[in-house]
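A.B. asks: Take this structure, written in structure tokens, and hold onto it; I'll ask about it next.
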Amino acid sequence: INGATRWIRVGGIMSIQPSEVAKYVVVLYMAKSMEKKGKKIKNFFFGVIPYLLVAAFFAGLVLAEHNLSIAVVIVLVTIIMIFAAGANIWHLLALVPPLAALGVFFIKTQSYRMNRVTGFLHPFADPQKTGFQLVQSLLALGSGGILGVGLGKSRQKCYYLPEPHNDFIFSVIGEELGLIGCIIIILLFFILIWRGIRISVRAKNTYGTLLAVGIISIIAVQAIINIAVVTGSMPVTGVPLPFISYG
């Protein structure tokens, strides 16, 4: 779809996205392996690098499908799990410059990604092309005001807002339910993330702790990215809003 090959058709009726499965497979593997590694996680070359290589392998496969956003999610969740397992914070901070450089490289090597960055920085400079998605999203959020135009009465989702059922569904919520509706959705995510952290802290073993951290991190990272994108806080990228986006 749109030049990307990230879906597998099943019987011509439905499709599955392997990267969605991969995110949780990575978490399951990391949790079990980190439990066995124990305090060796504090060693940079034997504790941190192997997990980064595993994450890079999966992220590379996803990136080959032209899906930078989910590749970033996999890497971020891996780093969160490494930190939760007890890695040295300075080891993780040392990863920031090279990972940022890689991100810039992948953005610059694809023209459509550069266009998204340009559209993010100056959306109204080219509202019909590079800034189209963000401009339509901001119009939807602005139209909703405090209380919204009413459930089901969004105008932007009708031929204007791209992917209103998926990547930009939060914009539709903002238009139909207003600022109040958006705050309620964000509060629900905060409660869910808080409960996930509480479960991880109360887990009876290291595996349970890391498993809970990994799962709730996927949900948290995707929710943050999705909401940041539709509100113009970061460049447009295709990350669905957990539990709300279609599929």
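Residues in the structure tokens are named by chain (A, B, ... in the order shown) and by number from 1 within that chain; ligands are numbered from 1 in the order shown.
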Which residues, written as an MDAnalysis selection string, have at least one atom at most 9 Å from Asn67 in chain A, with only C-alpha atoms counted and residues fewer than 2 positions away on the same chain left out?
C.D. replies: chainID A and resid 4:6 19 62:65 69:72 237:238
A.B. asks: Set the distance at 12 Å and use only C-alpha atoms: which residues neighbour Ser15 in chain A once local chain neighbours fewer than 4 positions away are removed? I'd like the list as a list in words.
C.D. replies: Ile1, Thr5, Arg6, Trp7, Ile8, Arg9, Val10, Gly11, Glu20 and Gly247 of chain A
A.B. asks: Tell me, as a list in words, which residues lie within 12 Å of range 157-160 of chain A, counting only C-alpha atoms; anything in the same chain fewer than 5 positions away does not count.
C.D. replies: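 Once the adjacent positions are removed, what remains is Pro127, Gln128, Phe132, Gln133, Leu134, Val135, Gln136, Ser137, Leu138, Leu139, Ala140, Leu141, Gly152, His165, Asn166, Asp167, Phe168, Ile169, Phe170, Ser171, Val172, Ile173, Gly174, Glu175 and Glu176 of chain A.
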A.B. asks: Could you dump the residues just selected with N, CA, C and O atoms as an mmCIF file, in the first residue's frame?
C.D. replies:
```cif
data_model
loop_
_atom_site.group_PDB
_atom_site.id
_atom_site.type_symbol
_atom_site.label_atom_id
_atom_site.label_comp_id
_atom_site.auth_asym_id
_atom_site.auth_seq_id
_atom_site.Cartn_x
_atom_site.Cartn_y
_atom_site.Cartn_z
ATOM 1 N N PRO A 127 0.733 23.950 2.253
ATOM 2 C CA PRO A 127 -0.396 23.239 2.880
ATOM 3 C C PRO A 127 -1.051 22.181 2.003
ATOM 4 O O PRO A 127 -1.786 21.339 2.514
ATOM 5 N N GLN A 128 -0.783 22.195 0.690
ATOM 6 C CA GLN A 128 -1.398 21.231 -0.212
ATOM 7 C C GLN A 128 -0.528 19.998 -0.457
ATOM 8 O O GLN A 128 -1.014 18.992 -0.979
ATOM 9 N N PHE A 132 0.344 19.015 4.152
ATOM 10 C CA PHE A 132 -1.081 18.701 4.063
ATOM 11 C C PHE A 132 -1.606 17.926 5.277
ATOM 12 O O PHE A 132 -2.615 18.305 5.877
ATOM 13 N N GLN A 133 -0.919 16.841 5.638
ATOM 14 C CA GLN A 133 -1.405 15.994 6.732
ATOM 15 C C GLN A 133 -1.501 16.757 8.043
ATOM 16 O O GLN A 133 -2.516 16.693 8.747
ATOM 17 N N LEU A 134 -0.426 17.484 8.380
ATOM 18 C CA LEU A 134 -0.406 18.209 9.658
ATOM 19 C C LEU A 134 -1.412 19.351 9.654
ATOM 20 O O LEU A 134 -2.097 19.581 10.666
ATOM 21 N N VAL A 135 -1.516 20.073 8.547
ATOM 22 C CA VAL A 135 -2.467 21.190 8.460
ATOM 23 C C VAL A 135 -3.897 20.693 8.667
ATOM 24 O O VAL A 135 -4.675 21.283 9.431
ATOM 25 N N GLN A 136 -4.257 19.586 8.012
ATOM 26 C CA GLN A 136 -5.606 19.037 8.158
ATOM 27 C C GLN A 136 -5.862 18.545 9.587
ATOM 28 O O GLN A 136 -6.965 18.676 10.118
ATOM 29 N N SER A 137 -4.813 17.997 10.207
ATOM 30 C CA SER A 137 -4.934 17.542 11.595
ATOM 31 C C SER A 137 -5.166 18.718 12.536
ATOM 32 O O SER A 137 -6.029 18.662 13.423
ATOM 33 N N LEU A 138 -4.407 19.795 12.342
ATOM 34 C CA LEU A 138 -4.553 20.982 13.191
ATOM 35 C C LEU A 138 -5.917 21.640 12.986
ATOM 36 O O LEU A 138 -6.519 22.150 13.934
ATOM 37 N N LEU A 139 -6.404 21.625 11.745
ATOM 38 C CA LEU A 139 -7.734 22.170 11.465
ATOM 39 C C LEU A 139 -8.817 21.375 12.201
ATOM 40 O O LEU A 139 -9.776 21.941 12.734
ATOM 41 N N ALA A 140 -8.637 20.043 12.227
ATOM 42 C CA ALA A 140 -9.597 19.190 12.930
ATOM 43 C C ALA A 140 -9.595 19.486 14.427
ATOM 44 O O ALA A 140 -10.652 19.672 15.045
ATOM 45 N N LEU A 141 -8.402 19.554 15.017
ATOM 46 C CA LEU A 141 -8.292 19.820 16.454
ATOM 47 C C LEU A 141 -8.823 21.208 16.797
ATOM 48 O O LEU A 141 -9.523 21.389 17.794
ATOM 49 N N GLY A 152 -19.462 11.718 15.853
ATOM 50 C CA GLY A 152 -19.860 11.337 14.503
ATOM 51 C C GLY A 152 -20.030 12.491 13.544
ATOM 52 O O GLY A 152 -20.366 12.286 12.380
ATOM 53 N N HIS A 165 -9.071 6.857 10.229
ATOM 54 C CA HIS A 165 -9.436 5.667 11.013
ATOM 55 C C HIS A 165 -8.233 5.052 11.710
ATOM 56 O O HIS A 165 -8.371 4.132 12.507
ATOM 57 N N ASN A 166 -7.034 5.571 11.405
ATOM 58 C CA ASN A 166 -5.830 4.914 11.887
ATOM 59 C C ASN A 166 -4.846 5.924 12.494
ATOM 60 O O ASN A 166 -4.939 6.251 13.668
ATOM 61 N N ASP A 167 -3.910 6.436 11.678
ATOM 62 C CA ASP A 167 -2.851 7.305 12.194
ATOM 63 C C ASP A 167 -3.380 8.616 12.765
ATOM 64 O O ASP A 167 -2.804 9.167 13.700
ATOM 65 N N PHE A 168 -4.473 9.148 12.196
ATOM 66 C CA PHE A 168 -4.968 10.460 12.627
ATOM 67 C C PHE A 168 -6.317 10.376 13.333
ATOM 68 O O PHE A 168 -7.093 11.333 13.315
ATOM 69 N N ILE A 169 -6.574 9.269 13.980
ATOM 70 C CA ILE A 169 -7.861 9.120 14.661
ATOM 71 C C ILE A 169 -7.973 10.057 15.868
ATOM 72 O O ILE A 169 -9.067 10.475 16.246
ATOM 73 N N PHE A 170 -6.832 10.421 16.470
ATOM 74 C CA PHE A 170 -6.864 11.343 17.612
ATOM 75 C C PHE A 170 -7.340 12.725 17.174
ATOM 76 O O PHE A 170 -7.967 13.449 17.951
ATOM 77 N N SER A 171 -7.065 13.091 15.917
ATOM 78 C CA SER A 171 -7.554 14.363 15.382
ATOM 79 C C SER A 171 -9.075 14.356 15.293
ATOM 80 O O SER A 171 -9.736 15.362 15.580
ATOM 81 N N VAL A 172 -9.628 13.217 14.876
ATOM 82 C CA VAL A 172 -11.088 13.069 14.789
ATOM 83 C C VAL A 172 -11.702 13.167 16.182
ATOM 84 O O VAL A 172 -12.738 13.811 16.380
ATOM 85 N N ILE A 173 -11.045 12.542 17.163
ATOM 86 C CA ILE A 173 -11.516 12.625 18.550
ATOM 87 C C ILE A 173 -11.518 14.082 19.015
ATOM 88 O O ILE A 173 -12.462 14.552 19.649
ATOM 89 N N GLY A 174 -10.439 14.815 18.658
ATOM 90 C CA GLY A 174 -10.342 16.223 19.043
ATOM 91 C C GLY A 174 -11.425 17.074 18.414
ATOM 92 O O GLY A 174 -11.957 17.989 19.048
ATOM 93 N N GLU A 175 -11.781 16.751 17.160
ATOM 94 C CA GLU A 175 -12.818 17.521 16.480
ATOM 95 C C GLU A 175 -14.205 17.191 17.028
ATOM 96 O O GLU A 175 -15.022 18.083 17.243
ATOM 97 N N GLU A 176 -14.458 15.902 17.261
ATOM 98 C CA GLU A 176 -15.799 15.493 17.684
ATOM 99 C C GLU A 176 -16.046 15.675 19.178
ATOM 100 O O GLU A 176 -17.162 16.006 19.588
#
```
A.B. asks: I'd like the interatomic distance between CA of Lys204 in chain A and CA of Ala31 in chain A, to a tenth of an Å.
C.D. replies: 13.7 Å
A.B. asks: Counting only C-alpha atoms, what is within 12 Å of Leu188 in chain A, bar same-chain residues fewer than 6 positions away, as a list in words?
C.D. replies: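 These residues fall inside the cut-off: Gly181, Cys182, Trp194, Arg195, Ala220, Ala223, Pro242, Phe243 and Ile244 of chain A.
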A.B. asks: Mind running range 141-236 of chain A against range 33-36 of chain A at 12 Å and telling me each contacting residue's nearest atom pair with the distance in Å (one decimal), counting only C-alpha atoms, chain and number ascending, as a tab-separated table?
C.D. replies:
```
residue	atom	partner	partner_atom	distance
A:Asn205	CA	A:Glu35	CA	8.6
A:Thr206	CA	A:Glu35	CA	5.7
A:Tyr207	CA	A:Glu35	CA	5.6
A:Gly208	CA	A:Glu35	CA	9.3
A:Thr209	CA	A:Glu35	CA	9.5
A:Leu210	CA	A:Glu35	CA	8.1
A:Leu211	CA	A:Glu35	CA	10.1
A:Gly214	CA	A:Met34	CA	11.8
```
A.B. asks: Once you have the residues from the selection above, write them out as a PDB file, in the first residue's frame, restricted to N, CA and C atoms.
C.D. replies:
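Once everything was written out, this is selection-v9.pdb:
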```
ATOM      1  N   ASN A 205       8.954 -12.193  39.875  1.00  0.00           N
ATOM      2  CA  ASN A 205      10.306 -12.496  39.404  1.00  0.00           C
ATOM      3  C   ASN A 205      10.747 -11.475  38.363  1.00  0.00           C
ATOM      4  N   THR A 206      12.025 -11.544  38.000  1.00  0.00           N
ATOM      5  CA  THR A 206      12.593 -10.586  37.048  1.00  0.00           C
ATOM      6  C   THR A 206      11.935 -10.698  35.689  1.00  0.00           C
ATOM      7  N   TYR A 207      11.635 -11.927  35.279  1.00  0.00           N
ATOM      8  CA  TYR A 207      10.997 -12.131  33.972  1.00  0.00           C
ATOM      9  C   TYR A 207       9.656 -11.400  33.902  1.00  0.00           C
ATOM     10  N   GLY A 208       8.852 -11.544  34.938  1.00  0.00           N
ATOM     11  CA  GLY A 208       7.550 -10.876  34.987  1.00  0.00           C
ATOM     12  C   GLY A 208       7.689  -9.369  34.964  1.00  0.00           C
ATOM     13  N   THR A 209       8.671  -8.860  35.694  1.00  0.00           N
ATOM     14  CA  THR A 209       8.918  -7.409  35.721  1.00  0.00           C
ATOM     15  C   THR A 209       9.270  -6.884  34.339  1.00  0.00           C
ATOM     16  N   LEU A 210      10.230  -7.538  33.681  1.00  0.00           N
ATOM     17  CA  LEU A 210      10.692  -7.080  32.372  1.00  0.00           C
ATOM     18  C   LEU A 210       9.628  -7.271  31.299  1.00  0.00           C
ATOM     19  N   LEU A 211       8.852  -8.341  31.417  1.00  0.00           N
ATOM     20  CA  LEU A 211       7.772  -8.581  30.456  1.00  0.00           C
ATOM     21  C   LEU A 211       6.735  -7.460  30.537  1.00  0.00           C
ATOM     22  N   GLY A 214       8.184  -4.213  29.129  1.00  0.00           N
ATOM     23  CA  GLY A 214       8.238  -4.231  27.669  1.00  0.00           C
ATOM     24  C   GLY A 214       6.881  -4.005  27.035  1.00  0.00           C
TER      25      GLY A 214
END
```
A.B. asks: I need the helix (DSSP H, G or I) residues of range 59-195 of chain A per DSSP on the backbone, written as JSON, numbers by chain.
C.D. replies: {"A": [59, 60, 61, 62, 63, 68, 69, 70, 71, 72, 73, 74, 75, 76, 77, 78, 79, 80, 81, 82, 83, 84, 89, 90, 91, 92, 93, 96, 97, 98, 99, 100, 101, 102, 103, 104, 105, 106, 107, 108, 111, 112, 113, 114, 115, 116, 117, 118, 119, 120, 121, 123, 124, 125, 132, 133, 134, 135, 136, 137, 138, 139, 140, 141, 142, 143, 144, 169, 170, 171, 172, 173, 174, 175, 176, 177, 178, 179, 180, 181, 182, 183, 184, 185, 186, 187, 188, 189, 190, 191, 192, 193, 194, 195]}
A.B. asks: Nearest residue to Gly178 in chain A out of A:Ile199, A:Leu192, A:Leu92, A:Leu147, using only C-alpha atoms?
C.D. replies: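 Checking each candidate against Gly178 in chain A, we get A:Leu147 as the closest.
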